[in-house]
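Below is the file query24.cif, which contains mmCIF, C-alpha atoms.
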data_work
#
loop_
_atom_site.label_atom_id
_atom_site.label_comp_id
_atom_site.auth_asym_id
_atom_site.auth_seq_id
_atom_site.Cartn_x
_atom_site.Cartn_y
_atom_site.Cartn_z
CA MET A 51 78.05 -24.12 4.94
CA GLY A 52 81.44 -23.10 6.25
CA ILE A 53 81.14 -21.30 9.56
CA VAL A 54 79.59 -23.05 12.52
CA GLY A 55 75.80 -22.97 12.45
CA ARG A 56 73.55 -21.39 15.07
CA ARG A 57 71.47 -24.49 15.68
CA GLY A 58 71.66 -27.28 18.26
CA ARG A 59 74.46 -27.43 20.79
CA ALA A 60 76.19 -24.36 19.34
CA SER A 61 73.11 -22.29 20.12
CA ALA A 62 73.02 -23.63 23.66
CA VAL A 63 76.65 -22.67 24.20
CA VAL A 64 76.08 -19.17 22.84
CA SER A 65 73.05 -18.69 25.08
CA ALA A 66 74.95 -19.84 28.13
CA LEU A 67 77.82 -17.54 27.23
CA GLY A 68 75.47 -14.60 27.03
CA ALA A 69 74.01 -15.39 30.42
CA LEU A 70 77.42 -15.63 32.04
CA LEU A 71 78.58 -12.37 30.54
CA LEU A 72 75.43 -10.57 31.65
CA LEU A 73 76.06 -11.78 35.18
CA GLY A 74 79.40 -10.01 35.06
CA GLY A 75 81.75 -12.99 35.22
CA ALA A 76 85.35 -12.06 34.43
CA VAL A 77 88.85 -13.44 34.63
CA ALA A 78 92.29 -11.91 34.32
CA PRO A 79 93.87 -12.23 30.88
CA ALA A 80 96.57 -14.83 30.33
CA ALA A 81 100.18 -13.68 30.46
CA THR A 82 100.91 -14.47 26.83
CA ALA A 83 98.99 -15.08 23.63
CA ASP A 84 99.61 -17.67 20.98
CA THR A 85 100.79 -16.64 17.54
CA MET A 86 98.51 -17.31 14.61
CA ARG A 87 100.93 -19.89 13.26
CA GLU A 88 100.63 -21.87 16.50
CA ARG A 89 96.85 -21.85 16.08
CA GLU A 90 97.10 -23.44 12.64
CA TRP A 91 97.46 -26.95 14.02
CA TYR A 92 96.60 -28.62 10.72
CA LEU A 93 99.67 -27.23 8.94
CA ASP A 94 102.06 -29.10 11.20
CA ARG A 95 99.82 -32.17 11.30
CA MET A 96 99.90 -32.27 7.50
CA GLN A 97 103.70 -31.65 7.51
CA ALA A 98 103.26 -28.45 5.54
CA PRO A 99 106.73 -27.01 6.29
CA ALA A 100 108.35 -30.10 4.79
CA MET A 101 106.02 -29.98 1.77
CA TRP A 102 106.78 -26.30 1.18
CA LYS A 103 110.41 -27.21 0.54
CA VAL A 104 109.17 -29.16 -2.47
CA SER A 105 105.92 -27.47 -3.50
CA THR A 106 104.10 -24.28 -2.53
CA GLY A 107 101.34 -24.37 -5.12
CA LYS A 108 103.23 -22.05 -7.45
CA GLY A 109 101.79 -21.95 -10.94
CA ILE A 110 98.33 -23.09 -9.82
CA THR A 111 95.25 -20.89 -9.81
CA VAL A 112 92.26 -21.75 -7.62
CA ALA A 113 88.88 -20.30 -8.56
CA VAL A 114 86.99 -19.48 -5.36
CA LEU A 115 83.24 -19.44 -6.09
CA ASP A 116 81.98 -17.66 -3.00
CA THR A 117 81.12 -14.21 -1.65
CA GLY A 118 84.01 -12.43 -3.37
CA VAL A 119 87.63 -11.92 -2.30
CA ILE A 120 89.16 -8.69 -0.99
CA PRO A 121 92.60 -8.41 -2.65
CA THR A 122 93.94 -5.77 -0.24
CA VAL A 123 94.09 -7.95 2.88
CA PRO A 124 97.80 -8.36 3.70
CA GLU A 125 97.79 -12.14 3.44
CA LEU A 126 96.56 -12.04 -0.17
CA ALA A 127 98.67 -9.20 -1.54
CA GLY A 128 99.49 -9.80 -5.19
CA LYS A 129 97.65 -13.14 -5.31
CA VAL A 130 94.10 -12.20 -6.37
CA LEU A 131 93.10 -11.95 -10.04
CA LYS A 132 90.27 -9.78 -11.38
CA GLY A 133 87.55 -12.41 -11.44
CA LYS A 134 83.84 -11.82 -12.02
CA ASN A 135 80.62 -11.27 -10.10
CA PHE A 136 77.67 -13.33 -11.36
CA MET A 137 75.10 -11.93 -8.93
CA GLU A 138 75.77 -8.18 -8.99
CA PRO A 139 78.15 -7.53 -11.92
CA GLU A 140 78.53 -3.84 -11.08
CA ARG A 141 80.13 -4.70 -7.73
CA GLY A 142 82.89 -6.81 -9.25
CA ALA A 143 84.53 -9.74 -7.45
CA HIS A 144 86.85 -7.71 -5.19
CA LYS A 145 84.16 -6.76 -2.68
CA ASP A 146 83.15 -9.20 0.05
CA ALA A 147 80.39 -7.91 2.33
CA ASN A 148 80.28 -11.19 4.22
CA GLY A 149 83.99 -12.05 4.35
CA HIS A 150 83.63 -15.77 3.78
CA GLY A 151 85.19 -15.90 0.33
CA THR A 152 88.17 -13.88 1.55
CA ALA A 153 88.60 -16.19 4.54
CA MET A 154 88.57 -19.30 2.33
CA ALA A 155 91.05 -17.73 -0.10
CA MET A 156 93.40 -17.06 2.81
CA LEU A 157 93.21 -20.69 3.94
CA ILE A 158 94.27 -21.67 0.45
CA ALA A 159 96.94 -19.08 -0.39
CA GLY A 160 97.55 -16.75 2.57
CA ASN A 161 101.16 -15.61 3.02
CA GLY A 162 101.10 -15.84 6.83
CA MET A 163 102.51 -12.38 7.56
CA ASN A 164 105.50 -13.85 9.42
CA GLY A 165 103.34 -15.90 11.76
CA GLN A 166 100.88 -13.13 12.62
CA GLY A 167 98.36 -13.78 9.84
CA ILE A 168 96.71 -16.70 8.10
CA LYS A 169 99.14 -19.01 6.32
CA GLY A 170 97.60 -20.87 3.43
CA LEU A 171 98.42 -24.50 2.79
CA ALA A 172 99.42 -23.58 -0.78
CA PRO A 173 100.90 -20.12 -0.15
CA ASP A 174 102.12 -19.47 -3.69
CA ALA A 175 98.87 -20.38 -5.41
CA ARG A 176 96.82 -17.61 -7.01
CA ILE A 177 93.13 -16.89 -6.45
CA LEU A 178 90.47 -16.22 -9.09
CA PRO A 179 87.49 -14.70 -7.22
CA VAL A 180 84.09 -15.60 -8.63
CA THR A 181 81.12 -14.13 -6.76
CA VAL A 182 78.06 -16.37 -6.58
CA TRP A 183 76.34 -14.81 -3.54
CA GLY A 184 74.29 -11.63 -3.75
CA THR A 185 73.93 -8.96 -1.09
CA THR A 186 70.36 -7.74 -1.63
CA LYS A 187 66.91 -9.23 -2.05
CA GLU A 188 66.62 -7.44 -5.37
CA ALA A 189 69.71 -9.14 -6.76
CA GLY A 190 68.90 -12.44 -5.10
CA PHE A 191 71.11 -14.08 -2.51
CA ARG A 192 71.88 -17.16 -4.61
CA ARG A 193 70.63 -18.58 -7.88
CA VAL A 194 71.23 -21.81 -9.75
CA ASP A 195 71.75 -19.96 -13.03
CA ALA A 196 74.50 -17.85 -11.45
CA LEU A 197 76.30 -20.97 -10.22
CA VAL A 198 76.01 -22.56 -13.67
CA ASP A 199 77.42 -19.47 -15.39
CA ALA A 200 80.19 -19.21 -12.79
CA LEU A 201 81.20 -22.83 -13.29
CA ARG A 202 81.46 -22.36 -17.04
CA TYR A 203 83.42 -19.14 -16.58
CA ALA A 204 85.87 -20.86 -14.21
CA ALA A 205 86.12 -23.81 -16.59
CA ASP A 206 87.24 -21.46 -19.38
CA SER A 207 89.70 -19.61 -17.14
CA GLU A 208 93.30 -20.39 -16.22
CA ALA A 209 92.16 -21.89 -12.91
CA GLY A 210 92.82 -25.61 -12.61
CA ILE A 211 90.96 -26.03 -9.31
CA ILE A 212 87.45 -24.78 -8.62
CA ASP A 213 86.45 -24.48 -4.96
CA ILE A 214 82.67 -24.09 -4.85
CA GLY A 215 81.22 -22.19 -1.89
CA VAL A 216 77.54 -22.21 -2.79
CA SER A 217 75.12 -25.13 -2.69
CA PHE A 218 71.46 -25.99 -3.00
CA ASP A 219 69.40 -28.54 -1.11
CA THR A 220 67.16 -31.10 -2.78
CA TYR A 221 64.33 -28.59 -3.21
CA ILE A 222 65.79 -27.63 -6.61
CA ASP A 223 63.95 -29.18 -9.53
CA ASP A 224 65.21 -31.68 -12.07
CA ASP A 225 65.95 -29.03 -14.70
CA GLU A 226 68.09 -27.02 -12.27
CA ARG A 227 69.91 -30.13 -11.13
CA ASP A 228 70.55 -31.09 -14.73
CA SER A 229 71.88 -27.63 -15.57
CA ILE A 230 74.37 -27.89 -12.68
CA LYS A 231 75.43 -31.34 -13.89
CA GLN A 232 75.98 -30.08 -17.43
CA ALA A 233 78.17 -27.25 -16.15
CA VAL A 234 80.09 -29.69 -13.94
CA ASP A 235 80.63 -32.05 -16.88
CA TYR A 236 81.83 -29.15 -19.00
CA ALA A 237 84.38 -28.10 -16.38
CA ILE A 238 85.64 -31.65 -15.87
CA GLY A 239 85.87 -32.07 -19.63
CA ARG A 240 88.11 -29.00 -19.64
CA GLY A 241 90.47 -30.77 -17.23
CA LYS A 242 89.38 -28.97 -14.06
CA LEU A 243 89.12 -30.34 -10.51
CA LEU A 244 85.95 -29.35 -8.65
CA LEU A 245 85.65 -29.43 -4.86
CA THR A 246 82.88 -28.28 -2.53
CA ASP A 247 81.71 -28.66 1.05
CA THR A 248 79.17 -31.33 1.92
CA GLY A 249 77.36 -29.07 4.38
CA ASP A 250 77.21 -28.53 8.14
CA THR A 251 73.88 -30.28 8.77
CA GLY A 252 75.20 -33.57 10.13
CA GLU A 253 73.35 -33.01 13.39
CA GLY A 254 70.42 -31.11 11.96
CA GLY A 255 68.74 -32.87 9.05
CA ASN A 256 71.82 -34.07 7.16
CA TYR A 257 70.63 -32.57 3.89
CA VAL A 258 71.99 -33.73 0.56
CA THR A 259 73.32 -30.71 -1.31
CA TYR A 260 74.22 -29.90 -4.88
CA PRO A 261 76.76 -29.71 -6.46
CA ALA A 262 78.33 -32.05 -3.85
CA ALA A 263 75.98 -34.83 -4.98
CA ILE A 264 76.74 -34.34 -8.69
CA PRO A 265 79.02 -37.13 -10.03
CA GLY A 266 82.57 -35.93 -10.46
CA VAL A 267 82.42 -33.19 -7.82
CA VAL A 268 84.57 -33.81 -4.74
CA GLY A 269 82.32 -33.41 -1.70
CA VAL A 270 84.56 -32.69 1.30
CA GLY A 271 83.66 -33.49 4.90
CA ALA A 272 85.36 -32.11 8.01
CA VAL A 273 87.58 -33.73 10.64
CA ASP A 274 88.97 -32.35 13.90
CA LYS A 275 92.41 -32.32 15.52
CA THR A 276 92.21 -36.05 16.25
CA VAL A 277 91.13 -36.63 12.65
CA THR A 278 87.74 -37.68 13.90
CA VAL A 279 84.86 -36.74 11.64
CA ALA A 280 83.15 -33.61 12.96
CA LYS A 281 79.63 -34.08 14.30
CA PHE A 282 78.30 -31.21 12.18
CA SER A 283 79.76 -32.63 8.96
CA ALA A 284 77.01 -33.87 6.62
CA TYR A 285 77.43 -37.53 5.71
CA GLY A 286 76.33 -39.83 2.93
CA SER A 287 77.47 -41.07 -0.44
CA GLN A 288 78.18 -37.51 -1.60
CA VAL A 289 81.26 -37.43 0.66
CA ALA A 290 84.38 -38.15 -1.41
CA LEU A 291 87.18 -36.90 0.88
CA ALA A 292 87.68 -35.26 4.26
CA ALA A 293 90.01 -32.53 5.52
CA PRO A 294 90.56 -30.45 8.68
CA GLY A 295 87.52 -28.29 9.47
CA VAL A 296 87.48 -27.71 13.25
CA GLU A 297 89.32 -25.00 15.23
CA ILE A 298 90.41 -23.32 12.01
CA PRO A 299 91.58 -19.71 12.43
CA ILE A 300 90.20 -17.30 9.84
CA ARG A 301 89.81 -13.59 9.28
CA CYS A 302 86.63 -12.62 11.15
CA LEU A 303 83.49 -12.27 9.07
CA GLU A 304 80.86 -9.61 8.43
CA GLY A 305 82.73 -6.52 9.56
CA GLN A 306 84.41 -7.93 12.67
CA LYS A 307 88.05 -7.06 13.17
CA GLY A 308 90.91 -9.43 13.83
CA TYR A 309 90.89 -13.22 13.60
CA CYS A 310 88.39 -15.80 14.76
CA ARG A 311 88.18 -19.52 15.44
CA SER A 312 85.85 -21.29 13.07
CA GLN A 313 84.64 -24.67 11.94
CA GLY A 314 82.85 -25.99 8.89
CA THR A 315 83.01 -28.17 5.83
CA GLY A 316 83.73 -25.02 3.81
CA GLN A 317 87.07 -24.73 5.57
CA ALA A 318 87.70 -28.42 4.87
CA SER A 319 86.97 -27.89 1.18
CA ALA A 320 89.40 -24.96 1.03
CA LEU A 321 92.18 -27.04 2.61
CA ALA A 322 91.45 -29.95 0.27
CA SER A 323 91.68 -27.53 -2.67
CA ALA A 324 95.02 -26.29 -1.36
CA SER A 325 96.18 -29.91 -1.01
CA ALA A 326 95.36 -30.46 -4.66
CA ALA A 327 97.29 -27.29 -5.57
CA LEU A 328 100.44 -28.62 -3.88
CA ILE A 329 100.23 -31.86 -5.87
CA TRP A 330 99.33 -30.22 -9.18
CA SER A 331 102.18 -27.74 -8.84
CA LEU A 332 104.59 -30.68 -8.91
CA HIS A 333 102.82 -32.30 -11.87
CA PRO A 334 101.61 -29.44 -14.09
CA ASP A 335 100.99 -31.78 -17.02
CA TRP A 336 98.26 -33.69 -15.16
CA THR A 337 94.54 -33.07 -15.51
CA GLY A 338 92.12 -32.53 -12.65
CA ASN A 339 91.05 -36.17 -12.98
CA GLN A 340 94.60 -37.33 -12.32
CA VAL A 341 95.14 -35.00 -9.37
CA LEU A 342 91.86 -36.24 -7.89
CA ARG A 343 92.85 -39.88 -8.36
CA VAL A 344 96.12 -39.25 -6.52
CA LEU A 345 94.28 -37.40 -3.73
CA MET A 346 92.00 -40.41 -3.33
CA ASN A 347 94.75 -43.02 -3.56
CA THR A 348 96.98 -41.28 -1.00
CA ALA A 349 94.18 -40.40 1.45
CA GLY A 350 94.22 -41.93 4.91
CA LYS A 351 91.54 -44.59 4.68
CA PRO A 352 89.48 -46.23 7.42
CA SER A 353 91.13 -49.47 8.51
CA THR A 354 87.75 -51.11 8.93
CA GLY A 355 84.31 -50.63 7.49
CA ARG A 356 83.00 -49.68 4.08
CA ILE A 357 85.09 -47.72 1.61
CA PRO A 358 83.99 -45.19 0.59
CA SER A 359 82.90 -44.29 4.09
CA ARG A 360 79.67 -42.34 4.56
CA TYR A 361 81.64 -39.91 6.72
CA LEU A 362 85.16 -39.78 5.24
CA GLY A 363 84.56 -40.90 1.67
CA TYR A 364 87.83 -42.32 0.36
CA GLY A 365 89.70 -40.90 3.34
CA THR A 366 91.36 -37.85 4.83
CA VAL A 367 93.57 -35.89 2.43
CA ARG A 368 97.30 -36.49 2.89
CA PRO A 369 99.09 -34.38 0.26
CA ARG A 370 102.40 -35.10 2.00
CA VAL A 371 102.27 -38.68 0.70
CA ALA A 372 102.04 -37.47 -2.89
CA VAL A 373 104.46 -34.56 -2.44
CA LEU A 374 107.12 -36.12 -0.21
CA ASP A 375 106.79 -39.80 -1.05
CA ASP A 376 105.12 -41.46 -4.05
CA PRO A 377 101.95 -40.18 -5.70
CA GLY A 378 101.36 -43.48 -7.42
CA ASP A 379 99.76 -43.94 -10.81
CA PRO A 380 97.62 -40.91 -11.73
CA GLY A 381 95.68 -43.01 -14.22
CA PRO A 382 94.01 -41.82 -17.43
CA ALA A 383 93.73 -38.09 -17.98
CA ASP A 384 90.18 -38.16 -19.29
CA VAL A 385 88.46 -40.45 -16.76
CA ASN A 386 87.08 -38.96 -13.57
CA PRO A 387 87.36 -41.47 -10.70
CA LEU A 388 84.05 -40.20 -9.29
CA GLY A 389 82.16 -40.64 -12.54
CA GLY A 390 81.78 -37.06 -13.74
CA GLY A 391 82.48 -35.43 -17.07
CA GLY A 392 80.56 -37.98 -19.07
CA GLY A 393 83.44 -40.48 -18.91
CA GLU A 394 83.56 -43.92 -17.35
CA ALA A 395 84.15 -43.85 -13.62
CA GLY A 396 86.89 -45.75 -11.89
CA SER A 397 85.42 -46.52 -8.46
CA PRO A 398 82.71 -43.93 -7.81
CA PRO A 399 80.58 -43.87 -4.66
CA ASP A 400 76.88 -44.48 -4.98
CA SER A 401 75.14 -41.26 -5.98
CA PRO A 402 72.33 -40.16 -3.69
CA SER A 403 68.95 -40.43 -5.32
CA PRO A 404 67.23 -37.11 -6.02
CA SER A 405 63.83 -38.76 -6.27
CA ALA A 406 62.80 -38.05 -2.68
CA PRO A 407 63.57 -34.41 -1.85
CA THR A 408 64.10 -33.45 1.76
CA PRO A 409 62.59 -30.18 3.02
CA SER A 410 65.23 -27.48 2.87
CA ALA A 411 66.66 -25.97 6.01
CA SER A 412 68.85 -23.53 4.12
CA PRO A 413 68.34 -19.81 4.75
CA SER A 414 67.40 -17.50 1.90
CA ARG A 415 70.86 -15.97 2.15
CA ARG A 416 74.10 -17.46 3.33
CA SER A 417 74.30 -17.04 7.09
CA PHE A 418 77.60 -17.11 8.93
CA PRO A 419 77.17 -16.73 12.69
CA ASP A 420 79.91 -15.03 14.64
CA ALA A 421 82.97 -17.16 15.16
CA THR A 422 84.97 -16.95 18.39
CA PRO A 423 87.57 -14.16 18.37
CA ILE A 424 91.10 -15.24 19.27
CA PRO A 425 93.95 -13.09 20.55
CA VAL A 426 97.06 -13.14 18.38
CA GLU A 427 100.22 -11.57 19.72
CA GLY A 428 101.34 -8.70 17.51
CA ALA A 429 98.32 -8.86 15.20
CA ASP A 430 95.83 -6.03 14.68
CA GLN A 431 92.78 -7.15 16.59
CA GLY A 432 90.66 -4.03 16.19
CA THR A 433 87.36 -3.98 18.03
CA GLY A 434 86.39 -7.55 17.33
CA ASN A 435 88.34 -9.06 20.26
CA THR A 436 87.15 -6.85 23.12
CA ALA A 437 86.77 -8.84 26.35
CA VAL A 438 88.05 -11.98 24.64
CA TRP A 439 89.37 -13.42 27.88
CA ILE A 440 85.97 -12.99 29.50
CA VAL A 441 84.53 -14.97 26.61
CA THR A 442 87.26 -17.57 27.01
CA ALA A 443 86.45 -18.00 30.69
CA ALA A 444 82.76 -18.31 29.92
CA VAL A 445 83.48 -20.95 27.29
CA ALA A 446 85.44 -22.95 29.83
CA VAL A 447 82.54 -22.88 32.29
CA VAL A 448 80.06 -23.92 29.63
CA VAL A 449 82.31 -26.73 28.43
CA LEU A 450 82.59 -28.10 31.95
CA ALA A 451 78.83 -27.94 32.36
CA LEU A 452 78.21 -29.82 29.12
CA GLY A 453 81.06 -32.29 29.49
CA ALA A 454 79.15 -35.02 31.28
CA VAL A 455 76.28 -34.93 28.78
CA LEU A 456 78.62 -35.07 25.80
CA LEU A 457 80.57 -37.94 27.34
CA VAL A 458 77.44 -40.01 27.81
CA ARG A 459 76.32 -39.35 24.26
CA ARG A 460 79.75 -40.24 22.90
CA ARG A 461 79.75 -43.56 24.80
CA ARG A 462 76.47 -44.51 23.21
CA ARG A 463 77.88 -44.14 19.72
CA PRO A 464 79.43 -47.25 18.11
CA ALA A 465 82.76 -46.52 16.52
CA LEU A 466 84.94 -47.80 13.73
CA ILE A 467 88.59 -47.13 14.51
CA THR A 468 90.50 -45.68 11.58
CA GLU A 469 94.10 -44.81 10.87
CA TYR A 470 93.35 -41.20 11.75
CA GLY A 471 90.72 -41.32 14.43
CA VAL A 472 87.14 -42.48 14.51
CA ASP A 473 84.77 -42.84 11.61
CA TYR A 474 81.73 -43.04 13.82
CA THR A 475 78.31 -44.32 12.92
CA ARG A 476 75.59 -42.07 14.27
CA GLU A 477 72.58 -43.49 16.03
CA ARG A 478 69.62 -43.43 13.70
#

Target format structure tokens, applied to this file:
Amino acid sequence: MGIVGRRGRASAVVSALGALLLLGGAVAPAATADTMREREWYLDRMQAPAMWKVSTGKGITVAVLDTGVIPTVPELAGKVLKGKNFMEPERGAHKDANGHGTAMAMLIAGNGMNGQGIKGLAPDARILPVTVWGTTKEAGFRRVDALVDALRYAADSEAGIIDIGVSFDTYIDDDERDSIKQAVDYAIGRGKLLLTDTGDTGEGGNYVTYPAAIPGVVGVGAVDKTVTVAKFSAYGSQVALAAPGVEIPIRCLEGQKGYCRSQGTGQASALASASAALIWSLHPDWTGNQVLRVLMNTAGKPSTGRIPSRYLGYGTVRPRVAVLDDPGDPGPADVNPLGGGGGEAGSPPDSPSPSAPTPSASPSRRSFPDATPIPVEGADQGTGNTAVWIVTAAVAVVVLALGAVLLVRRRRRPALITEYGVDYTRER
């Protein structure tokens, strides 16, 4: 979940890129490079500068349950708490061999480095790193018991929002699923708001994942620049909300230097968590249930079709409506609108049935293929962006070659026009 997968069309593009580069294709670099801030299209689309005049997420702590968070990256200076590692306690939560947790934390609370680094949507929020991914076979790469313990730890912490970056497919047994649900209910009962990605298997199996499918957890799907649901975004009744998740700049992963383009429902979940932080910062007396209800009520909903949508849930997050306009009635503090926490639900989506497990396509460890490096004027690119303009030229050639095929496939897909784009129904 999170970074674009290696399967399907992405693999074809990568293969074609490799072939072009081996053949020695090259192009002169462009005269100028965009700043990082110009790459963060979603901030302007969400009217972040206007929201920051009212709320910056100050006073809100977001627990990031992921691969750890490196506190010394410039964008996160002074924002990262001690946290805890539930897979390899001796390593602590300030190491991040993969880089994913750090990247998600920056999307939430990055300071932007004057336009040359990642600017988080809630730049004054704080990050509680909670490591739920291991780095060795001996420690295990992920375990249900570690997620359960991490959820309870985050529930007892000062964090109001818990962004969950680990998931399990339907191969887990009933006891494991029940233990996750109990931990989720405990956190919701403590007033927390839980968000997680729905997965990037929309074109490759569309697997139901947990905890996204646990009642009360906000499963977040991804949309692109046109606010069209991304093809990779897993769909189904576990989707509660959607947020930007395509062409998202992040700090490059797994030892690469500089910044990279990325896509994934993990990025969407991080931006939805940051959206919640902006709202909660304005209303610190609310519970997670109330912040969630406002997120749902102010979301951009499909103008036609079923609500909740299988692709967008209750809609695309629009924190600007709650921050700059009217958040509406937050409702009761102790009732989760998605049915979690043991309370009565307001208008929950249908929960996917766990009775018919789907074979898992998840790797034994979290895999994050290389994202595309991007040049940023004035930023330290290191070695990760060597020959970036050659790669850019190759991408352009591949895109042209695939354009006709993609256009035909798009025309075959029936569409439901929404306020924000297209909530499309895939061919079955």

Give me the residues of range 196-300 of chain A that have any atom at most 7 Å from an atom of range 113-136 of chain A; for each, the nearest atom pair and the distance in Å, rounded to one decimal. Use only C-alpha atoms, sort by chain and number, and format it as a tab-separated table.
residue	atom	partner	partner_atom	distance
A:Ala196	CA	A:Phe136	CA	5.5
A:Ala200	CA	A:Phe136	CA	6.6
A:Ala204	CA	A:Ala113	CA	6.4
A:Ala209	CA	A:Ala113	CA	5.7
A:Ile211	CA	A:Ala113	CA	6.1
A:Ile212	CA	A:Ala113	CA	4.7
A:Asp213	CA	A:Val114	CA	5.0
A:Ile214	CA	A:Leu115	CA	4.8
A:Gly215	CA	A:Asp116	CA	4.7
A:Val216	CA	A:Asp116	CA	6.4

_Please enumerate the residues selected by the PyMOL selection byres ((chain A and resi 347) around 12) when evaluated against the supplied file, formatted as a VMD selection string._
chain A and resid 290 to 291 340 to 346 348 to 351 357 to 358 363 to 369 371 to 372 376 to 381 387 396 to 397

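The interatomic distance for the pair CA of Gly210 in chain A and CA of Gly338 in chain A works out to 7.0 Å.
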
*Just so the selection is clear, what residues does the PyMOL selection byres ((chain A and resi 333) around 12) cover here, as an NGL selection string?*
:A and (104-105 or 107-110 or 326-332 or 334-338 or 340-341 or 344 or 372-373 or 377 or 380)

Show me, as lines of an AutoDock Vina configuration file, the centre and edge lengths in Å to one decimal of the axis-aligned box that covers every listed atom of range 106-113 of chain A with 3 Å on each side.
center_x = 96.5
center_y = -22.3
center_z = -6.7
size_x = 21.2
size_y = 10.1
size_z = 14.4

*If we count only C-alpha atoms, what is near Gly316 in chain A at a cut-off of 12 Å, once residues fewer than 6 positions away on the same chain are taken out, given as a ChimeraX atom specification?*
/A:51-55,114-116,150-151,153-155,157-158,213-217,245-250,262,269-273,282-284,292-296,298,300,322-323,418

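If only C-alpha atoms are the atoms counted, then among A:Glu208, A:Val267, A:Ser359, A:Met163 the closest residue to Ile177 in chain A is A:Glu208.
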
*Tell me which of A:Tyr203, A:Glu138, A:Gln313, A:Val194 sits closest to Tyr260 in chain A, counting all atoms listed in the file.*
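Closest to Tyr260 in chain A of all the choices is A:Val194.
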
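Between CA of Leu321 in chain A and CA of Arg356 in chain A lies a distance of 24.5 Å.
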
*Have a look at CA of Arg240 in chain A and CA of Thr111 in chain A and let me know their distance in Å, one decimal.*
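CA of Thr111 in chain A lies 14.6 Å from CA of Arg240 in chain A.
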